[in-house]
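Structure record follows, encoded as structure tokens.
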Amino acid sequence: MTTEENDQVLQRKQKLEVLRGDGNAYPNDFRRDTDTQEIRRNYDHIDEQALTATPTRVTIAGRVMTRRVMGKAGFADMHDEHGKIQIYAQRDRLADGVYNRLFRKLDIGDLIGVVGTLFRTRTGELTVQVEDIRLLVKGLRPLPDKFHGLADVETRYRRRYVDLIVNEQSRQTFRRRAQITASLRRFLDQRGYLEIESPMMQVIPGGANARPFITHHNALDMDLFMRVAQELYIKRCLVGGFERVYEMNRNFRNEGLSTEHNPEFTMLEYNEAYLDYVDYMDLTEDMLRTVTEEVTGSAVVEYQGHQIDLGASFRRLSLGEAVRSHHGTLSESDCKDAAVLRRHLSSTGVESSPDSDAGELLLEVFEQSVEATLIQPTFITGHPVSVSPLSRRSESDPDMTDRFELFIAGRELANGFSELNDPQDQEERLRRQASEKAGGDEEAMFFDQDYIDALEYGLPPNAGGGIGIDRFVMLLTDSRSIRDVLLFPHLRPEA
């Protein structure tokens, strides 16, 4: 805080002490009867003559964002959640002393309550003629100058509450986020899906290859893990007889911070019995298109300089096709040859693990060079078993799985597959994952005997999908960083 800001805080605190001496400095008995949205909706189209003929009295509350004092009268802009309204105070129309003692001493950021009558100024602006005014909360810290948001991006994230006060674009981003999540729920609810809530603290975290956070339960004296995915509990529900299930909530992964990653993030996981991954590509495409049109009014969105069309049919390529299309020197047989793929990665400066098989290396080639080029919506299919431990094997090639990943704007947005419901195959794959974890792979899955037990009761054939909500919100708000769409993102401690 600058010296000037410190001086302002001191002055405001002195004003607060005067208020305390006069009585309750933080009253909670003011009740408004309308807000700026309702006023605009009902009176923006009414001219001055009509307002004068039928006086309309309003009781409103909000934050002072500008103030202009001109001797015995003054204007101020007052903001609430929905917008702003101008107020006009005249000394001679207020109770004795109120204008000088209160209105003239208002600071930017103060919260006030106003009773008054609507009129239009000479310039035609809808305004409240103040009849009574009360200070509800004294703003002790000054707001940023010019009210265009905080200049420093990191400060915007650390003090989101200030960013929301002064930055309409930030408020609009989080309104849109709420619209997106409501629209996604509506899409699935209308199709008969049941929304569930599964445990966020788990004895065994499963459903994704990720490093979990560890916590401790004192009463049970045992370690628990923050969940990395909702998937395995959703499939337990399908075993139990529910046939369409989804959950939209937080997952936690002990990974790095970046413009695309936050250690806690929101995922939509959804599964339906008696469908396969092709059906789920269709469903996912329909859902994203429907939500985009509902929220933005169009299937075409502008994202970081790209016109992205969710109205056109999403392109579909296998992992091998995508790599071969991007790297013309790699043949179909090369994409199945670990030695060739390892040499290719090495030639691009990427050193791979000597234990990686051809499937893992092919995925690494894709992630290193192809993924970022997939701007328009593209489904990538044909993932090897070695990188898809929960996916059903392909009937035509048992080394491959019935899986898809959806890429838009150069990043993964969704993942889905025909779920593996063979308990013996699943047990074998989870034991292999557990072996890799014991060998030092912190992202490999734990072995979950209870999940295998559940499969042995019979999991109906089904397909499942997962959508990264934060990334979808980024797309529909043209936000470059995931931190722009999280109200309170995780940040490194301030130095």
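Scheme for the structure tokens: letters A, B, ... for chains in order shown; per-chain residue numbers from 1; ligand numbers from 1 in order shown.
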**Message:** Can you tell me which residues surround Glu231 (chain A) at a distance of at most 9 Å, considering only C-alpha atoms, apart from same-chain residues fewer than 2 positions away, and format the answer as a ChimeraX atom specification?
**Reply:** /A:206-208,229,233-236,247,269-271,464-466
For the interface of region 386-478 of chain A with region 168-172 of chain A (cut-off 12 Å, counting only C-alpha atoms), please tabulate each contacting residue of region 386-478 of chain A alongside its nearest pair of atoms and their separation in Å to one decimal, rows sorted by chain and increasing number, as a tab-separated table.
residue	atom	partner	partner_atom	distance
A:Val473	CA	A:Gln172	CA	11.7
A:Leu476	CA	A:Gln172	CA	11.5
A:Thr477	CA	A:Gln172	CA	8.8
A:Asp478	CA	A:Gln169	CA	11.1
With N, CA and C atoms retained, could you export that selection as a PDB file, in the first residue's frame?
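Below is the file result_5.pdb, written as the result:
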ATOM      1  N   VAL A 473     -15.546 -23.080 -19.418  1.00  0.00           N
ATOM      2  CA  VAL A 473     -15.850 -21.683 -19.099  1.00  0.00           C
ATOM      3  C   VAL A 473     -14.819 -20.763 -19.740  1.00  0.00           C
ATOM      4  N   LEU A 476     -15.868 -20.239 -23.340  1.00  0.00           N
ATOM      5  CA  LEU A 476     -17.070 -19.439 -23.567  1.00  0.00           C
ATOM      6  C   LEU A 476     -16.977 -18.027 -22.993  1.00  0.00           C
ATOM      7  N   THR A 477     -15.850 -17.693 -22.348  1.00  0.00           N
ATOM      8  CA  THR A 477     -15.635 -16.329 -21.851  1.00  0.00           C
ATOM      9  C   THR A 477     -14.383 -15.707 -22.441  1.00  0.00           C
ATOM     10  N   ASP A 478     -13.767 -16.412 -23.406  1.00  0.00           N
ATOM     11  CA  ASP A 478     -12.535 -15.923 -24.045  1.00  0.00           C
ATOM     12  C   ASP A 478     -11.479 -15.574 -22.996  1.00  0.00           C
TER      13      ASP A 478
END
Kindly assemble as a Markdown table a list of the region 153-205 of chain A residues that lie within 12 Å of region 56-66 of chain A, each paired with its nearest atom pair and their distance in Å to one decimal, using only C-alpha atoms, sorted first by chain and then by ascending residue number.
| residue | atom | partner | partner_atom | distance |
| --- | --- | --- | --- | --- |
| A:Ile165 | CA | A:Arg63 | CA | 8.9 |
| A:Val166 | CA | A:Met65 | CA | 8.6 |
| A:Asn167 | CA | A:Met65 | CA | 11.8 |
Generate a file of the selected residues that holds N, CA and C atoms, formatted as a CSV table (one decimal), in the first residue's frame.
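So the final result, stored in again.csv, reads:
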chain,number,residue,atom,x,y,z
A,165,ILE,N,-15.6,-5.7,-7.5
A,165,ILE,CA,-16.2,-4.4,-7.2
A,165,ILE,C,-16.0,-3.5,-8.4
A,166,VAL,N,-14.8,-3.5,-9.0
A,166,VAL,CA,-14.4,-2.5,-10.0
A,166,VAL,C,-14.4,-3.0,-11.5
A,167,ASN,N,-14.6,-4.3,-11.6
A,167,ASN,CA,-14.4,-4.8,-13.0
A,167,ASN,C,-15.7,-5.6,-13.4
**Message:** Please report the interatomic distance between CA of Leu140 (chain A) and CA of Val98 (chain A) in Å with one decimal.
**Reply:** 20.8 Å
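Considering the residues A:Gly458, A:Gly349, A:Pro377, A:Pro142 and counting only C-alpha atoms, Ser313 (chain A) has its shortest atom-to-atom contact with A:Pro377.
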Within 12 Å of Lys437 (chain A) using only C-alpha atoms, minus same-chain residues under 4 positions, as a PDB file with N, CA and C atoms, in the first residue's frame:
ATOM      1  N   ASN A 209      -5.239 -41.100 -13.552  1.00  0.00           N
ATOM      2  CA  ASN A 209      -3.810 -41.151 -13.259  1.00  0.00           C
ATOM      3  C   ASN A 209      -3.384 -39.765 -12.778  1.00  0.00           C
ATOM      4  N   ALA A 210      -3.260 -39.616 -11.464  1.00  0.00           N
ATOM      5  CA  ALA A 210      -2.938 -38.318 -10.897  1.00  0.00           C
ATOM      6  C   ALA A 210      -2.389 -38.500  -9.489  1.00  0.00           C
ATOM      7  N   ARG A 211      -1.576 -37.549  -9.085  1.00  0.00           N
ATOM      8  CA  ARG A 211      -1.017 -37.580  -7.733  1.00  0.00           C
ATOM      9  C   ARG A 211      -2.004 -36.942  -6.770  1.00  0.00           C
ATOM     10  N   LEU A 430      -5.465 -52.874 -12.870  1.00  0.00           N
ATOM     11  CA  LEU A 430      -5.222 -52.102 -11.650  1.00  0.00           C
ATOM     12  C   LEU A 430      -4.014 -52.640 -10.885  1.00  0.00           C
ATOM     13  N   ARG A 431      -3.788 -53.955 -10.946  1.00  0.00           N
ATOM     14  CA  ARG A 431      -2.590 -54.496 -10.287  1.00  0.00           C
ATOM     15  C   ARG A 431      -1.329 -54.021 -11.003  1.00  0.00           C
ATOM     16  N   ARG A 432      -1.407 -53.879 -12.311  1.00  0.00           N
ATOM     17  CA  ARG A 432      -0.260 -53.347 -13.058  1.00  0.00           C
ATOM     18  C   ARG A 432      -0.013 -51.885 -12.667  1.00  0.00           C
ATOM     19  N   GLN A 433      -1.119 -51.132 -12.505  1.00  0.00           N
ATOM     20  CA  GLN A 433      -0.986 -49.746 -12.067  1.00  0.00           C
ATOM     21  C   GLN A 433      -0.361 -49.678 -10.666  1.00  0.00           C
ATOM     22  N   ASP A 441       6.008 -44.437  -9.710  1.00  0.00           N
ATOM     23  CA  ASP A 441       5.104 -43.600 -10.500  1.00  0.00           C
ATOM     24  C   ASP A 441       4.000 -43.068  -9.587  1.00  0.00           C
ATOM     25  N   GLU A 442       4.136 -41.799  -9.166  1.00  0.00           N
ATOM     26  CA  GLU A 442       3.200 -41.239  -8.194  1.00  0.00           C
ATOM     27  C   GLU A 442       1.821 -40.981  -8.785  1.00  0.00           C
ATOM     28  N   GLU A 443       1.708 -40.994 -10.128  1.00  0.00           N
ATOM     29  CA  GLU A 443       0.416 -40.743 -10.766  1.00  0.00           C
ATOM     30  C   GLU A 443      -0.327 -42.030 -11.114  1.00  0.00           C
ATOM     31  N   ALA A 444       0.323 -43.170 -10.938  1.00  0.00           N
ATOM     32  CA  ALA A 444      -0.348 -44.441 -11.224  1.00  0.00           C
ATOM     33  C   ALA A 444      -1.456 -44.673 -10.201  1.00  0.00           C
ATOM     34  N   MET A 445      -2.456 -45.482 -10.603  1.00  0.00           N
ATOM     35  CA  MET A 445      -3.613 -45.704  -9.743  1.00  0.00           C
ATOM     36  C   MET A 445      -3.315 -46.701  -8.620  1.00  0.00           C
ATOM     37  N   PHE A 446      -4.074 -46.560  -7.535  1.00  0.00           N
ATOM     38  CA  PHE A 446      -4.055 -47.530  -6.448  1.00  0.00           C
ATOM     39  C   PHE A 446      -4.879 -48.753  -6.867  1.00  0.00           C
ATOM     40  N   PHE A 447      -4.601 -49.873  -6.231  1.00  0.00           N
ATOM     41  CA  PHE A 447      -5.466 -51.033  -6.418  1.00  0.00           C
ATOM     42  C   PHE A 447      -6.663 -50.900  -5.491  1.00  0.00           C
TER      43      PHE A 447
END
**Prompt:** For Met400 (chain A), which residue among A:Ile467, A:Ile375, A:Leu319, A:Leu283 is the nearest when counting only C-alpha atoms?
**Reply:** A:Leu319
**Among the residues A:Val370, A:Val153, A:Val128, A:Leu118, the one that comes closest to Gln49 (chain A) [using only C-alpha atoms]** =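 Of A:Val370, A:Val153, A:Val128, A:Leu118, the one nearest Gln49 (chain A), counting only C-alpha atoms, is A:Leu118.
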**Request:** Can you check which residues of region 174-278 of chain A DSSP gives as helix (DSSP H, G or I) on the backbone and send them as a count of residues only?
**Result:** 27
